[in-house]
Structures are given as C-alpha cells and as structure tokens.
Amino acid sequence: MSQRLSFSDLAGLYRRLLLDDIVPYWAPHIDWEQGGILNCIRDDGTLMTDDKYMWSQLRALWIYSKLYNAVEPRQEWLDIAHNILGFIAAHGRNDAGDWVYHLTREGAVVEGANSIYTEGFAIYGLGEYYRATGDPMARRIGLETCERVIQR
C-alpha cells in the first residue's frame, strides 16, 4: 500500500530537492571570469563545451532572480543573476536588437538570432531581474525586446 504525501510534505520535498540538489549542481558552472553560466553540462556535472546558448543564459537569469524573489533573498543568488545580466547585456543581442542563439564562452557569436523563443526567455528573465533589483537597464532591455517581438 502506498502512502500519500500531504501538500506540506510535498512542498518540503520539492524545496529540499531544489535547494539541496538542483541549485548546488549549477553552482560550480557559474562563469565568474567571462560572465554568464556554463550551460552545456552532462548529468554527472562534467562540461561538454564552454559555449553558451543565450536562451539558457536568459533562463538562468530568471531562475536566480526568481529564487531571490520567491524563495529567499539570498545575496549569492542576486550576485549570480547580476553576473549573468552583465554577460547577456554585453553579448546577447545583434545590432537590430534581436537575441542571438549561440555564443563562445567569451561572447563571440557562433549562431545569430534564429529563434524568437530566445526573446521569450529574455522577457521573463529581465522582468524577474527587474522585480528583484529595480535595475533600469534590465527594464529598458526587456521593453526593447517586447517591442522587437511585436515588430517581428
């Protein structure tokens, strides 16, 4: 006979999985030297390539900002989000304002803007970061992204 977990038991389980397993898994892959996060990782945590996919950078911006806003206002999470923002603001968009797809670790474009889904990740990542910080640059870039999506 299986035991049913209560909502509070499940909430506790999910919180522990998030904070004890998932978030620590990604911690060694924050790229403090070049900015952003190294996101091409095998299940065992080894790096496959140090190239960076912009949609994943933007998703990580949302995740660390959301952790700060919704779970607990830990400075370490905000520092990671700020690090990611620096990388994406410097390297993430082409001259037209569209988000590129694939970059080297240093930020050189490997594949240009080819997926409007990247803009979706940008909108919610920048929006959540703005909620955490009130950073006018994040707001400006997010609004510019919305305008580009409407144009496209």
# chains A, B, ... in the order shown; residues from 1 in each chain; ligands from 1
>>> select_by_dssp(residues="range 55-146 of chain A", states="strand (DSSP E)", output="list in words")
His102, Leu103, Val109, Val110 and Glu111 of chain A
>>> residues_around(residues="range 72-79 of chain A", least_positions_apart="4", cutoff="9 Å", atoms="only C-alpha atoms", output="list in words")
Tyr64, Ser65, Leu67, Tyr68, Asn83, Ile84, Tyr129, Ala132 and Thr133 of chain A
>>> atom_distance(atom1="CA of Glu119 in chain A", atom2="CA of Pro24 in chain A")
27.1 Å
>>> residues_around(residues="Ile41 in chain A", least_positions_apart="6", cutoff="10 Å", atoms="only C-alpha atoms", output="mmCIF file with C-alpha atoms, in the first residue's frame")
data_model
loop_
_atom_site.group_PDB
_atom_site.id
_atom_site.type_symbol
_atom_site.label_atom_id
_atom_site.label_comp_id
_atom_site.auth_asym_id
_atom_site.auth_seq_id
_atom_site.Cartn_x
_atom_site.Cartn_y
_atom_site.Cartn_z
ATOM 1 C CA TRP A 26 24.755 24.503 -11.060
ATOM 2 C CA HIS A 29 29.211 26.241 -13.507
ATOM 3 C CA LEU A 47 31.458 20.191 -19.017
ATOM 4 C CA MET A 48 30.702 19.158 -22.627
ATOM 5 C CA THR A 49 31.651 22.543 -24.108
ATOM 6 C CA ASP A 50 32.137 26.022 -22.753
#
>>> residues_around(residues="Ala90 in chain A", least_positions_apart="5", cutoff="12 Å", atoms="only C-alpha atoms", output="list of chain:residue names")
A:Gln34, A:Gly35, A:Gly36, A:Met54, A:Asn83, A:Ile84, A:Leu85, A:Asp95, A:Gly97, A:Trp99, A:Val100, A:Leu103, A:Glu106, A:Gly107, A:Ala108, A:Val109, A:Met137, A:Ile141
>>> write_last_selection(atoms="all heavy atoms", output="compact mmCIF listing (two decimals), in the first residue's frame")
# COMPACT_ATOMS: atom_id res chain seq x y z
N GLN A 34 34.20 35.08 -17.30
CA GLN A 34 33.68 35.67 -18.54
C GLN A 34 32.26 36.18 -18.40
O GLN A 34 31.76 36.90 -19.26
CB GLN A 34 33.73 34.64 -19.68
CG GLN A 34 35.12 34.14 -20.01
CD GLN A 34 36.00 35.23 -20.58
OE1 GLN A 34 35.55 36.13 -21.28
NE2 GLN A 34 37.29 35.18 -20.28
N GLY A 35 31.59 35.79 -17.35
CA GLY A 35 30.19 36.15 -17.16
C GLY A 35 29.27 35.04 -17.64
O GLY A 35 29.65 34.18 -18.43
N GLY A 36 28.07 35.03 -17.12
CA GLY A 36 27.09 34.04 -17.53
C GLY A 36 27.26 32.73 -16.79
O GLY A 36 27.85 32.66 -15.70
N MET A 54 22.17 31.34 -25.57
CA MET A 54 21.58 32.53 -24.96
C MET A 54 20.27 32.23 -24.26
O MET A 54 19.99 32.77 -23.19
CB MET A 54 21.41 33.62 -26.01
CG MET A 54 20.99 34.95 -25.43
SD MET A 54 22.01 35.59 -24.07
CE MET A 54 23.60 35.71 -24.83
N ASN A 83 25.72 38.71 -12.50
CA ASN A 83 26.80 38.21 -13.34
C ASN A 83 26.26 37.80 -14.71
O ASN A 83 26.84 38.12 -15.75
CB ASN A 83 27.47 37.03 -12.63
CG ASN A 83 28.48 36.33 -13.50
OD1 ASN A 83 29.43 36.91 -13.99
ND2 ASN A 83 28.27 35.04 -13.70
N ILE A 84 25.13 37.10 -14.71
CA ILE A 84 24.51 36.68 -15.97
C ILE A 84 24.05 37.89 -16.76
O ILE A 84 24.26 37.98 -17.98
CB ILE A 84 23.36 35.69 -15.69
CG1 ILE A 84 23.91 34.40 -15.07
CG2 ILE A 84 22.58 35.39 -16.98
CD1 ILE A 84 22.85 33.49 -14.48
N LEU A 85 23.43 38.86 -16.08
CA LEU A 85 22.97 40.07 -16.76
C LEU A 85 24.13 40.78 -17.46
O LEU A 85 23.98 41.25 -18.59
CB LEU A 85 22.28 41.02 -15.78
CG LEU A 85 21.79 42.31 -16.43
CD1 LEU A 85 20.59 42.05 -17.32
CD2 LEU A 85 21.47 43.36 -15.39
N ASP A 95 22.89 43.89 -33.72
CA ASP A 95 22.70 45.34 -33.91
C ASP A 95 21.23 45.73 -34.06
O ASP A 95 20.86 46.87 -33.74
CB ASP A 95 23.50 45.82 -35.12
CG ASP A 95 25.00 45.77 -34.88
OD1 ASP A 95 25.42 45.73 -33.70
OD2 ASP A 95 25.76 45.75 -35.87
N GLY A 97 18.87 44.40 -32.33
CA GLY A 97 18.23 44.21 -31.04
C GLY A 97 17.65 42.82 -30.84
O GLY A 97 16.99 42.56 -29.84
N TRP A 99 17.92 38.80 -30.07
CA TRP A 99 18.77 37.97 -29.23
C TRP A 99 19.41 36.87 -30.07
O TRP A 99 18.74 36.19 -30.82
CB TRP A 99 17.96 37.37 -28.08
CG TRP A 99 17.59 38.42 -27.09
CD1 TRP A 99 16.46 39.16 -27.09
CD2 TRP A 99 18.38 38.88 -25.99
NE1 TRP A 99 16.48 40.06 -26.04
CE2 TRP A 99 17.65 39.91 -25.35
CE3 TRP A 99 19.61 38.52 -25.47
CZ2 TRP A 99 18.12 40.58 -24.22
CZ3 TRP A 99 20.09 39.20 -24.35
CH2 TRP A 99 19.34 40.21 -23.74
N VAL A 100 20.73 36.74 -29.94
CA VAL A 100 21.46 35.71 -30.66
C VAL A 100 21.23 34.36 -29.99
O VAL A 100 20.71 34.29 -28.87
CB VAL A 100 22.96 36.05 -30.78
CG1 VAL A 100 23.14 37.35 -31.54
CG2 VAL A 100 23.63 36.11 -29.42
N LEU A 103 26.79 31.33 -28.46
CA LEU A 103 27.99 32.13 -28.30
C LEU A 103 29.15 31.27 -27.81
O LEU A 103 28.95 30.23 -27.20
CB LEU A 103 27.76 33.24 -27.26
CG LEU A 103 26.60 34.18 -27.49
CD1 LEU A 103 26.28 34.97 -26.24
CD2 LEU A 103 26.93 35.11 -28.63
N GLU A 106 33.50 33.43 -24.39
CA GLU A 106 33.88 34.83 -24.30
C GLU A 106 32.82 35.78 -24.84
O GLU A 106 32.90 36.99 -24.63
CB GLU A 106 35.20 35.07 -25.03
CG GLU A 106 36.38 34.32 -24.43
CD GLU A 106 36.43 32.84 -24.79
OE1 GLU A 106 35.75 32.41 -25.77
OE2 GLU A 106 37.14 32.10 -24.09
N GLY A 107 31.83 35.25 -25.57
CA GLY A 107 30.76 36.08 -26.08
C GLY A 107 30.74 36.32 -27.57
O GLY A 107 29.92 37.08 -28.06
N ALA A 108 31.62 35.67 -28.32
CA ALA A 108 31.59 35.79 -29.78
C ALA A 108 30.42 34.96 -30.32
O ALA A 108 30.15 33.85 -29.85
CB ALA A 108 32.90 35.30 -30.39
N VAL A 109 29.74 35.51 -31.31
CA VAL A 109 28.56 34.84 -31.86
C VAL A 109 28.97 33.64 -32.71
O VAL A 109 29.79 33.76 -33.62
CB VAL A 109 27.71 35.83 -32.69
CG1 VAL A 109 26.55 35.11 -33.37
CG2 VAL A 109 27.22 36.97 -31.82
N MET A 137 18.35 49.34 -16.50
CA MET A 137 18.86 48.73 -17.73
C MET A 137 18.08 47.46 -18.05
O MET A 137 17.73 47.23 -19.21
CB MET A 137 20.35 48.41 -17.61
CG MET A 137 20.92 47.78 -18.87
SD MET A 137 22.66 47.34 -18.79
CE MET A 137 22.64 46.03 -17.57
N ILE A 141 16.02 47.00 -21.53
CA ILE A 141 16.28 45.91 -22.47
C ILE A 141 15.05 45.01 -22.61
O ILE A 141 14.72 44.56 -23.70
CB ILE A 141 17.52 45.10 -22.05
CG1 ILE A 141 18.77 45.98 -22.11
CG2 ILE A 141 17.70 43.88 -22.95
CD1 ILE A 141 20.01 45.32 -21.52
>>> select_by_dssp(residues="chain A", states="helix (DSSP H, G or I)", output="number ranges by chain")
A: 7-29, 54-71, 75-91, 116-133, 136-151
>>> write_last_selection(atoms="C-alpha atoms", output="JSON list (two decimals), in the first residue's frame")
[["chain", "number", "residue", "atom", "x", "y", "z"],
["A", 7, "PHE", "CA", 0.78, 19.04, 0.32],
["A", 8, "SER", "CA", 3.14, 20.36, 3.00],
["A", 9, "ASP", "CA", 5.23, 17.17, 2.80],
["A", 10, "LEU", "CA", 5.48, 17.54, -0.97],
["A", 11, "ALA", "CA", 6.32, 21.24, -0.66],
["A", 12, "GLY", "CA", 9.12, 20.37, 1.75],
["A", 13, "LEU", "CA", 10.40, 17.61, -0.52],
["A", 14, "TYR", "CA", 10.45, 19.91, -3.56],
["A", 15, "ARG", "CA", 12.15, 22.69, -1.60],
["A", 16, "ARG", "CA", 14.87, 20.29, -0.41],
["A", 17, "LEU", "CA", 15.39, 18.93, -3.94],
["A", 18, "LEU", "CA", 15.67, 22.46, -5.30],
["A", 19, "LEU", "CA", 17.94, 23.88, -2.62],
["A", 20, "ASP", "CA", 20.00, 20.79, -1.76],
["A", 21, "ASP", "CA", 20.37, 19.18, -5.19],
["A", 22, "ILE", "CA", 19.47, 21.35, -8.18],
["A", 23, "VAL", "CA", 20.84, 24.77, -7.20],
["A", 24, "PRO", "CA", 24.14, 23.34, -5.84],
["A", 25, "TYR", "CA", 24.54, 21.28, -9.05],
["A", 26, "TRP", "CA", 24.75, 24.50, -11.06],
["A", 27, "ALA", "CA", 26.94, 26.49, -8.62],
["A", 28, "PRO", "CA", 30.31, 25.28, -10.00],
["A", 29, "HIS", "CA", 29.21, 26.24, -13.51],
["A", 54, "MET", "CA", 21.58, 32.53, -24.96],
["A", 55, "TRP", "CA", 18.15, 31.06, -24.16],
["A", 56, "SER", "CA", 19.82, 29.12, -21.34],
["A", 57, "GLN", "CA", 21.61, 32.23, -20.07],
["A", 58, "LEU", "CA", 18.29, 34.07, -20.01],
["A", 59, "ARG", "CA", 16.53, 31.16, -18.32],
["A", 60, "ALA", "CA", 19.25, 31.12, -15.65],
["A", 61, "LEU", "CA", 18.76, 34.87, -15.18],
["A", 62, "TRP", "CA", 15.08, 34.16, -14.48],
["A", 63, "ILE", "CA", 15.84, 31.22, -12.17],
["A", 64, "TYR", "CA", 18.30, 33.06, -9.91],
["A", 65, "SER", "CA", 16.16, 36.18, -9.87],
["A", 66, "LYS", "CA", 13.06, 34.10, -9.06],
["A", 67, "LEU", "CA", 14.90, 32.26, -6.29],
["A", 68, "TYR", "CA", 15.78, 35.65, -4.82],
["A", 69, "ASN", "CA", 12.25, 36.99, -5.20],
["A", 70, "ALA", "CA", 10.19, 33.94, -4.25],
["A", 71, "VAL", "CA", 12.27, 31.58, -2.12],
["A", 75, "GLN", "CA", 22.67, 37.84, -1.92],
["A", 76, "GLU", "CA", 24.52, 34.96, -3.60],
["A", 77, "TRP", "CA", 21.56, 34.38, -5.93],
["A", 78, "LEU", "CA", 21.34, 38.05, -6.79],
["A", 79, "ASP", "CA", 25.10, 38.14, -7.43],
["A", 80, "ILE", "CA", 24.76, 35.24, -9.88],
["A", 81, "ALA", "CA", 21.83, 36.94, -11.63],
["A", 82, "HIS", "CA", 23.85, 40.16, -11.87],
["A", 83, "ASN", "CA", 26.80, 38.21, -13.34],
["A", 84, "ILE", "CA", 24.51, 36.68, -15.97],
["A", 85, "LEU", "CA", 22.97, 40.07, -16.76],
["A", 86, "GLY", "CA", 26.42, 41.51, -17.41],
["A", 87, "PHE", "CA", 27.17, 38.77, -19.94],
["A", 88, "ILE", "CA", 23.85, 38.95, -21.77],
["A", 89, "ALA", "CA", 23.82, 42.75, -21.87],
["A", 90, "ALA", "CA", 27.32, 42.79, -23.38],
["A", 91, "HIS", "CA", 26.95, 39.94, -25.87],
["A", 116, "ILE", "CA", 12.09, 34.06, -31.29],
["A", 117, "TYR", "CA", 11.82, 31.76, -28.26],
["A", 118, "THR", "CA", 15.06, 33.30, -27.03],
["A", 119, "GLU", "CA", 13.22, 36.62, -26.83],
["A", 120, "GLY", "CA", 10.59, 34.96, -24.63],
["A", 121, "PHE", "CA", 13.27, 33.83, -22.20],
["A", 122, "ALA", "CA", 14.71, 37.37, -22.31],
["A", 123, "ILE", "CA", 11.39, 38.97, -21.45],
["A", 124, "TYR", "CA", 10.68, 36.85, -18.42],
["A", 125, "GLY", "CA", 14.33, 36.76, -17.24],
["A", 126, "LEU", "CA", 14.78, 40.50, -17.47],
["A", 127, "GLY", "CA", 11.36, 41.09, -15.91],
["A", 128, "GLU", "CA", 12.14, 38.93, -12.90],
["A", 129, "TYR", "CA", 15.56, 40.53, -12.50],
["A", 130, "TYR", "CA", 13.94, 43.96, -12.64],
["A", 131, "ARG", "CA", 11.49, 42.88, -9.91],
["A", 132, "ALA", "CA", 14.46, 41.86, -7.76],
["A", 133, "THR", "CA", 16.60, 44.94, -8.32],
["A", 136, "PRO", "CA", 16.59, 50.42, -15.17],
["A", 137, "MET", "CA", 18.86, 48.73, -17.73],
["A", 138, "ALA", "CA", 17.05, 45.40, -17.26],
["A", 139, "ARG", "CA", 13.72, 47.20, -17.68],
["A", 140, "ARG", "CA", 14.90, 49.04, -20.79],
["A", 141, "ILE", "CA", 16.28, 45.91, -22.47],
["A", 142, "GLY", "CA", 13.15, 43.95, -21.56],
["A", 143, "LEU", "CA", 10.89, 46.61, -23.05],
["A", 144, "GLU", "CA", 13.06, 46.85, -26.18],
["A", 145, "THR", "CA", 12.77, 43.09, -26.52],
["A", 146, "CYS", "CA", 8.97, 43.28, -26.25],
["A", 147, "GLU", "CA", 8.91, 45.91, -28.99],
["A", 148, "ARG", "CA", 11.11, 43.77, -31.27],
["A", 149, "VAL", "CA", 8.84, 40.75, -30.73],
["A", 150, "ILE", "CA", 5.79, 42.83, -31.66],
["A", 151, "GLN", "CA", 7.58, 44.07, -34.80]]
>>> closest_residue(among="A:Glu33, A:Asp43, A:Asp135, A:Asp51", to="Glu111 in chain A", atoms="only C-alpha atoms")
A:Asp51
>>> decode(residues="range 98-120 of chain A", atoms="N, CA, C and O atoms", output="compact mmCIF listing (two decimals), in the first residue's frame")
# COMPACT_ATOMS: atom_id res chain seq x y z
N ASP A 98 17.88 41.92 -31.79
CA ASP A 98 17.40 40.54 -31.65
C ASP A 98 18.41 39.73 -30.85
O ASP A 98 19.63 39.92 -30.98
N TRP A 99 17.92 38.80 -30.07
CA TRP A 99 18.77 37.97 -29.23
C TRP A 99 19.41 36.87 -30.07
O TRP A 99 18.74 36.19 -30.82
N VAL A 100 20.73 36.74 -29.94
CA VAL A 100 21.46 35.71 -30.66
C VAL A 100 21.23 34.36 -29.99
O VAL A 100 20.71 34.29 -28.87
N TYR A 101 21.62 33.30 -30.66
CA TYR A 101 21.30 31.96 -30.19
C TYR A 101 22.46 31.27 -29.47
O TYR A 101 22.28 30.68 -28.41
N HIS A 102 23.67 31.35 -30.03
CA HIS A 102 24.79 30.51 -29.57
C HIS A 102 26.06 31.35 -29.59
O HIS A 102 26.37 31.97 -30.59
N LEU A 103 26.79 31.33 -28.46
CA LEU A 103 27.99 32.13 -28.30
C LEU A 103 29.15 31.27 -27.81
O LEU A 103 28.95 30.23 -27.20
N THR A 104 30.36 31.77 -28.01
CA THR A 104 31.52 31.18 -27.34
C THR A 104 31.48 31.60 -25.88
O THR A 104 30.71 32.48 -25.49
N ARG A 105 32.35 31.02 -25.09
CA ARG A 105 32.41 31.39 -23.68
C ARG A 105 32.69 32.88 -23.52
O ARG A 105 32.14 33.54 -22.62
N GLU A 106 33.50 33.43 -24.39
CA GLU A 106 33.88 34.83 -24.30
C GLU A 106 32.82 35.78 -24.84
O GLU A 106 32.90 36.99 -24.63
N GLY A 107 31.83 35.25 -25.57
CA GLY A 107 30.76 36.08 -26.08
C GLY A 107 30.74 36.32 -27.57
O GLY A 107 29.92 37.08 -28.06
N ALA A 108 31.62 35.67 -28.32
CA ALA A 108 31.59 35.79 -29.78
C ALA A 108 30.42 34.96 -30.32
O ALA A 108 30.15 33.85 -29.85
N VAL A 109 29.74 35.51 -31.31
CA VAL A 109 28.56 34.84 -31.86
C VAL A 109 28.97 33.64 -32.71
O VAL A 109 29.79 33.76 -33.62
N VAL A 110 28.37 32.49 -32.41
CA VAL A 110 28.53 31.27 -33.20
C VAL A 110 27.32 31.14 -34.13
O VAL A 110 27.47 30.87 -35.31
N GLU A 111 26.13 31.31 -33.59
CA GLU A 111 24.88 31.32 -34.36
C GLU A 111 24.11 32.57 -33.96
O GLU A 111 23.89 32.82 -32.78
N GLY A 112 23.69 33.30 -34.97
CA GLY A 112 22.97 34.54 -34.72
C GLY A 112 21.53 34.31 -34.29
O GLY A 112 21.13 33.22 -33.89
N ALA A 113 20.76 35.38 -34.39
CA ALA A 113 19.35 35.34 -33.98
C ALA A 113 18.58 34.43 -34.93
O ALA A 113 18.43 34.72 -36.11
N ASN A 114 18.10 33.30 -34.41
CA ASN A 114 17.36 32.36 -35.26
C ASN A 114 16.15 31.76 -34.57
O ASN A 114 15.51 30.88 -35.11
N SER A 115 15.83 32.25 -33.37
CA SER A 115 14.70 31.68 -32.65
C SER A 115 14.05 32.74 -31.78
O SER A 115 14.68 33.27 -30.86
N ILE A 116 12.81 33.05 -32.07
CA ILE A 116 12.09 34.06 -31.29
C ILE A 116 11.84 33.57 -29.86
O ILE A 116 11.57 34.36 -28.97
N TYR A 117 11.98 32.28 -29.63
CA TYR A 117 11.82 31.76 -28.26
C TYR A 117 12.87 32.35 -27.33
O TYR A 117 12.61 32.52 -26.14
N THR A 118 14.03 32.67 -27.86
CA THR A 118 15.06 33.30 -27.03
C THR A 118 14.55 34.62 -26.48
O THR A 118 14.79 34.96 -25.33
N GLU A 119 13.80 35.35 -27.30
CA GLU A 119 13.22 36.62 -26.83
C GLU A 119 12.25 36.37 -25.67
O GLU A 119 12.18 37.17 -24.75
N GLY A 120 11.50 35.29 -25.74
CA GLY A 120 10.59 34.96 -24.63
C GLY A 120 11.34 34.76 -23.33
O GLY A 120 10.95 35.27 -22.28
